[in-house]
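Peer 1: Right, I'll just put the structure down here and ask away after.
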Amino acid sequence: MKKVLMSVAVGAAFVMAAGSASAQTLNQVKSRGVLQCGSNTGLAGFGQPDAQGNWTGLDVDYCRAIAAAIFNDASKVKFVPLSAKDRFTALQSGEVDVLVRNTTWTMSRDTQLGLEFGPVNYYDGQGFMVRKKLKIASAMELSGASVCTQQGTTTELNLADFFRANKLKYEVVAFASSDETIKAYDAGRCDVFTTDASGLYAERLKLTAPDDHIVLPEIISKEPLGAAWRHGDNQWGDIVKWVHYAMVNAEEYGVTKANVDEMLKSGNPDVKRLLGTEGKFGEAIGLTNDWAYRVIKQVGNYGESFDRNVGAGSRLKIARGVNALWSKGGLQYAPPIR
């Protein structure tokens, strides 16, 4: 037993020492006094500024949650709008601390760009939008169509794979930004608009006559969207990961923005560890032990963020679907805090 305890103690000391040695990004963020978060240039429901420069969205909430965990102030975020083309370079160069910008986690991006990915804060898949007047009911009827898409994305690659696999002809009309792409579709420069299904609902709101367009039923790809950070930055990655996991666990345990203060009195061991009234789990990632309390108090749990940004409480009205908790038939599953 003594040997086991000694091994545990030595292991814990090693982890703490390693964490201290690799806390460069966290120290830079603290010293700067603000989190620099790579964001979308404007996608309703995920990351979009209004006319006064106030940002909202599911990804925006994730950035604010990280700031809340670090600073106890969810407003200490500088949102850096990045195009699909520039997003990875900005992260690699240190222009941003973390990229939270509806970015698909793929093998090549994970292994060849010097980045780390995960966890998935939105499970998505690529789809198609067409004008109702074309009377198209399925993507299998799109042979010969011209398709508007954005350059430098997995969307462009998936499009080519789908038409090739189904032996369908098409003409690609590609643009550098999502805004240029949807404007071109709205202007009639192509028959079809394609992007992630969530983006179809968001971009449809920008069209001159949104109700004149339909989203086809086919989903042609897997698009696990989540945060990315620089490869090897393990201590910083732990913070980014566990902020998301804390929000998911909070939803599962019924801890909300409204009741989190009352839940500090909970006798549930899972809730006690989550909110920092038991254990020193915050210290293990370089934060205070009430880090998750800060996140939930200022931003809310995952379900609350989903609902107000993209779900039933938003203009998009996207069903939870696969983004429901694992206990409700979805894929959102967080490791335990213990």
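Within each chain, counting starts at residue 1; across the structure tokens, chains are named A, B, ... in the order shown, with ligands numbered 1 upward in that order.
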Can you list, as an MDAnalysis selection string, every protein, DNA or RNA residue that comes within 9 Å of segment 181-198 of chain A when you count only C-alpha atoms, leaving out same-chain residues fewer than 6 positions away?

Peer 2: chainID A and resid 45 124:131 134 142 145:150 155:156 159 171:175 204 206:209 215 219 221 223 310 316 318

Peer 1: Write out as a list in words which residues come within 9 Å of Arg315 of chain A when counting only C-alpha atoms, dropping same-chain ones fewer than 5 positions away.

Peer 2: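 Non-adjacent residues within range: Ala44, Gly45, Ala202, Leu205, Arg308, Asn309 and Val310 of chain A.
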
Peer 1: Would you give me, as an mmCIF file with C-alpha atoms, in the first residue's frame, the residues in segment 242-328 of chain A that DSSP reads as alpha helix (DSSP H)?

Peer 2:
data_model
loop_
_atom_site.group_PDB
_atom_site.id
_atom_site.type_symbol
_atom_site.label_atom_id
_atom_site.label_comp_id
_atom_site.auth_asym_id
_atom_site.auth_seq_id
_atom_site.Cartn_x
_atom_site.Cartn_y
_atom_site.Cartn_z
ATOM 1 C CA TRP A 242 -12.549 20.797 -19.749
ATOM 2 C CA VAL A 243 -14.458 24.056 -20.132
ATOM 3 C CA HIS A 244 -16.640 22.311 -22.721
ATOM 4 C CA TYR A 245 -16.884 19.158 -20.628
ATOM 5 C CA ALA A 246 -17.912 21.208 -17.594
ATOM 6 C CA MET A 247 -20.769 22.779 -19.568
ATOM 7 C CA VAL A 248 -21.960 19.350 -20.765
ATOM 8 C CA ASN A 249 -21.682 17.822 -17.295
ATOM 9 C CA ALA A 250 -23.564 20.788 -15.846
ATOM 10 C CA GLU A 251 -26.484 20.155 -18.185
ATOM 11 C CA GLU A 252 -26.473 16.469 -17.284
ATOM 12 C CA TYR A 253 -26.520 17.256 -13.535
ATOM 13 C CA VAL A 260 -25.798 27.389 -9.747
ATOM 14 C CA ASP A 261 -25.555 29.365 -6.491
ATOM 15 C CA GLU A 262 -28.136 27.109 -4.853
ATOM 16 C CA MET A 263 -26.348 24.035 -6.232
ATOM 17 C CA PRO A 269 -20.503 14.312 -5.195
ATOM 18 C CA ASP A 270 -20.505 14.936 -8.973
ATOM 19 C CA VAL A 271 -21.923 18.425 -8.496
ATOM 20 C CA LYS A 272 -19.547 19.176 -5.619
ATOM 21 C CA ARG A 273 -16.519 18.286 -7.766
ATOM 22 C CA LEU A 274 -17.919 20.236 -10.722
ATOM 23 C CA LEU A 275 -18.459 23.415 -8.708
ATOM 24 C CA TRP A 291 -13.443 27.542 -12.476
ATOM 25 C CA ALA A 292 -16.535 25.603 -13.598
ATOM 26 C CA TYR A 293 -18.800 27.590 -11.271
ATOM 27 C CA ARG A 294 -17.551 30.737 -13.022
ATOM 28 C CA VAL A 295 -18.359 29.254 -16.424
ATOM 29 C CA ILE A 296 -21.891 28.202 -15.512
ATOM 30 C CA LYS A 297 -22.675 31.367 -13.560
ATOM 31 C CA GLN A 298 -21.630 33.658 -16.397
ATOM 32 C CA TYR A 302 -24.244 23.470 -22.803
ATOM 33 C CA GLY A 303 -27.999 23.040 -23.248
ATOM 34 C CA GLU A 304 -28.669 26.669 -22.337
ATOM 35 C CA SER A 305 -26.072 27.879 -24.836
ATOM 36 C CA PHE A 306 -27.409 25.597 -27.574
ATOM 37 C CA ASP A 307 -31.010 26.674 -27.014
ATOM 38 C CA ARG A 308 -30.469 30.428 -27.109
ATOM 39 C CA ASN A 309 -28.042 30.419 -30.040
#

Peer 1: Each residue of segment 210-323 of chain A with at least one atom at most 6 Å from segment 97-106 of chain A should appear once, together with its nearest atom pair and the corresponding distance in Å (one decimal); atoms considered: only C-alpha atoms; ordering: chain, then increasing residue number; output as CSV.

Peer 2:
residue,atom,partner,partner_atom,distance
A:Glu223,CA,A:Thr104,CA,5.3
A:Pro224,CA,A:Thr104,CA,5.3
A:Leu225,CA,A:Thr104,CA,4.6
A:Ala227,CA,A:Val100,CA,4.6
A:Ala228,CA,A:Leu99,CA,5.1
A:Trp229,CA,A:Val98,CA,5.1

Peer 1: Let's have the selection written as a short mmCIF file (atom, residue, chain, number, x, y, z; two decimals), in the first residue's frame, with C-alpha atoms.

Peer 2:
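Contents of result.cif, freshly written:
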data_model
loop_
_atom_site.label_atom_id
_atom_site.label_comp_id
_atom_site.auth_asym_id
_atom_site.auth_seq_id
_atom_site.Cartn_x
_atom_site.Cartn_y
_atom_site.Cartn_z
CA GLU A 223 -18.50 17.45 -39.77
CA PRO A 224 -17.40 17.33 -36.12
CA LEU A 225 -16.95 21.01 -35.24
CA ALA A 227 -12.05 24.15 -30.88
CA ALA A 228 -8.42 23.90 -32.01
CA TRP A 229 -5.17 24.91 -30.36
#

Peer 1: Using DSSP on the backbone coordinates, identify all residues within segment 126-163 of chain A classified as strand (DSSP E); present the result as a PyMOL selection string.

Peer 2: chain A and resi 126-131+145-150

Peer 1: Write out as a list in words each polymer residue whose atoms come within 10 Å of Thr41 of chain A, counting only C-alpha atoms; drop sequence neighbours fewer than 5 positions from it.

Peer 2: Gly47, Gln48, Pro49, Phe79, Val80, Pro81, Leu82, Ser83, Ala84, Arg101, Ser177, Ser178 and Asp179 of chain A

Peer 1: Pull N, CA and C atoms from the residues just selected and write them as a CSV table (one decimal), in the first residue's frame.

Peer 2:
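Listed below is the output, again_37.csv:
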chain,number,residue,atom,x,y,z
A,47,GLY,N,-21.2,32.5,-34.6
A,47,GLY,CA,-20.3,33.6,-34.3
A,47,GLY,C,-20.6,34.8,-35.2
A,48,GLN,N,-21.2,35.8,-34.6
A,48,GLN,CA,-21.6,37.0,-35.4
A,48,GLN,C,-21.7,38.2,-34.6
A,49,PRO,N,-21.1,39.3,-35.1
A,49,PRO,CA,-21.2,40.6,-34.3
A,49,PRO,C,-22.4,41.4,-34.9
A,79,PHE,N,-12.5,39.0,-30.0
A,79,PHE,CA,-12.9,38.1,-31.1
A,79,PHE,C,-12.2,38.6,-32.3
A,80,VAL,N,-11.4,37.6,-32.9
A,80,VAL,CA,-10.7,37.9,-34.2
A,80,VAL,C,-11.3,37.2,-35.3
A,81,PRO,N,-12.0,38.0,-36.2
A,81,PRO,CA,-12.7,37.4,-37.3
A,81,PRO,C,-11.7,36.8,-38.3
A,82,LEU,N,-11.9,35.5,-38.7
A,82,LEU,CA,-11.0,34.8,-39.6
A,82,LEU,C,-11.7,34.1,-40.7
A,83,SER,N,-11.2,34.3,-41.9
A,83,SER,CA,-11.8,33.5,-43.0
A,83,SER,C,-11.3,32.1,-42.9
A,84,ALA,N,-12.0,31.2,-43.7
A,84,ALA,CA,-11.6,29.8,-43.7
A,84,ALA,C,-10.1,29.7,-44.2
A,101,ARG,N,-14.3,28.3,-34.3
A,101,ARG,CA,-14.9,28.8,-35.5
A,101,ARG,C,-15.4,27.8,-36.4
A,177,SER,N,-14.9,33.8,-49.5
A,177,SER,CA,-15.6,33.9,-48.2
A,177,SER,C,-17.0,33.4,-48.2
A,178,SER,N,-17.5,33.1,-47.0
A,178,SER,CA,-18.9,32.6,-46.9
A,178,SER,C,-19.9,33.7,-47.4
A,179,ASP,N,-19.6,34.9,-47.0
A,179,ASP,CA,-20.5,36.0,-47.4
A,179,ASP,C,-20.6,36.2,-48.9

Peer 1: With only C-alpha atoms as the basis for distance, which of A:Ser143, A:Gln24, A:Gln36, A:Gln52 is at the shortest distance from Ser75 of chain A?

Peer 2: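 That would be A:Gln36, the residue with the smallest distance to Ser75 of chain A.
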
Peer 1: Name all residues at most 9 Å from Gly321 of chain A (count only C-alpha atoms; drop same-chain ones fewer than 6 positions away) and give them as a VMD selection string.

Peer 2: chain A and resid 329 to 331

Peer 1: Those selected residues, please, written with N, CA and C atoms and delivered as a CSV table (one decimal), in the first residue's frame.

Peer 2:
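Writing done, so here's again-v9.csv:
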chain,number,residue,atom,x,y,z
A,329,GLY,N,-30.1,10.2,-26.1
A,329,GLY,CA,-30.0,9.7,-27.5
A,329,GLY,C,-29.0,10.4,-28.3
A,330,GLY,N,-28.3,11.4,-27.8
A,330,GLY,CA,-27.3,12.2,-28.6
A,330,GLY,C,-25.9,11.8,-28.4
A,331,LEU,N,-25.0,12.6,-28.9
A,331,LEU,CA,-23.5,12.3,-28.8
A,331,LEU,C,-22.7,13.1,-27.8
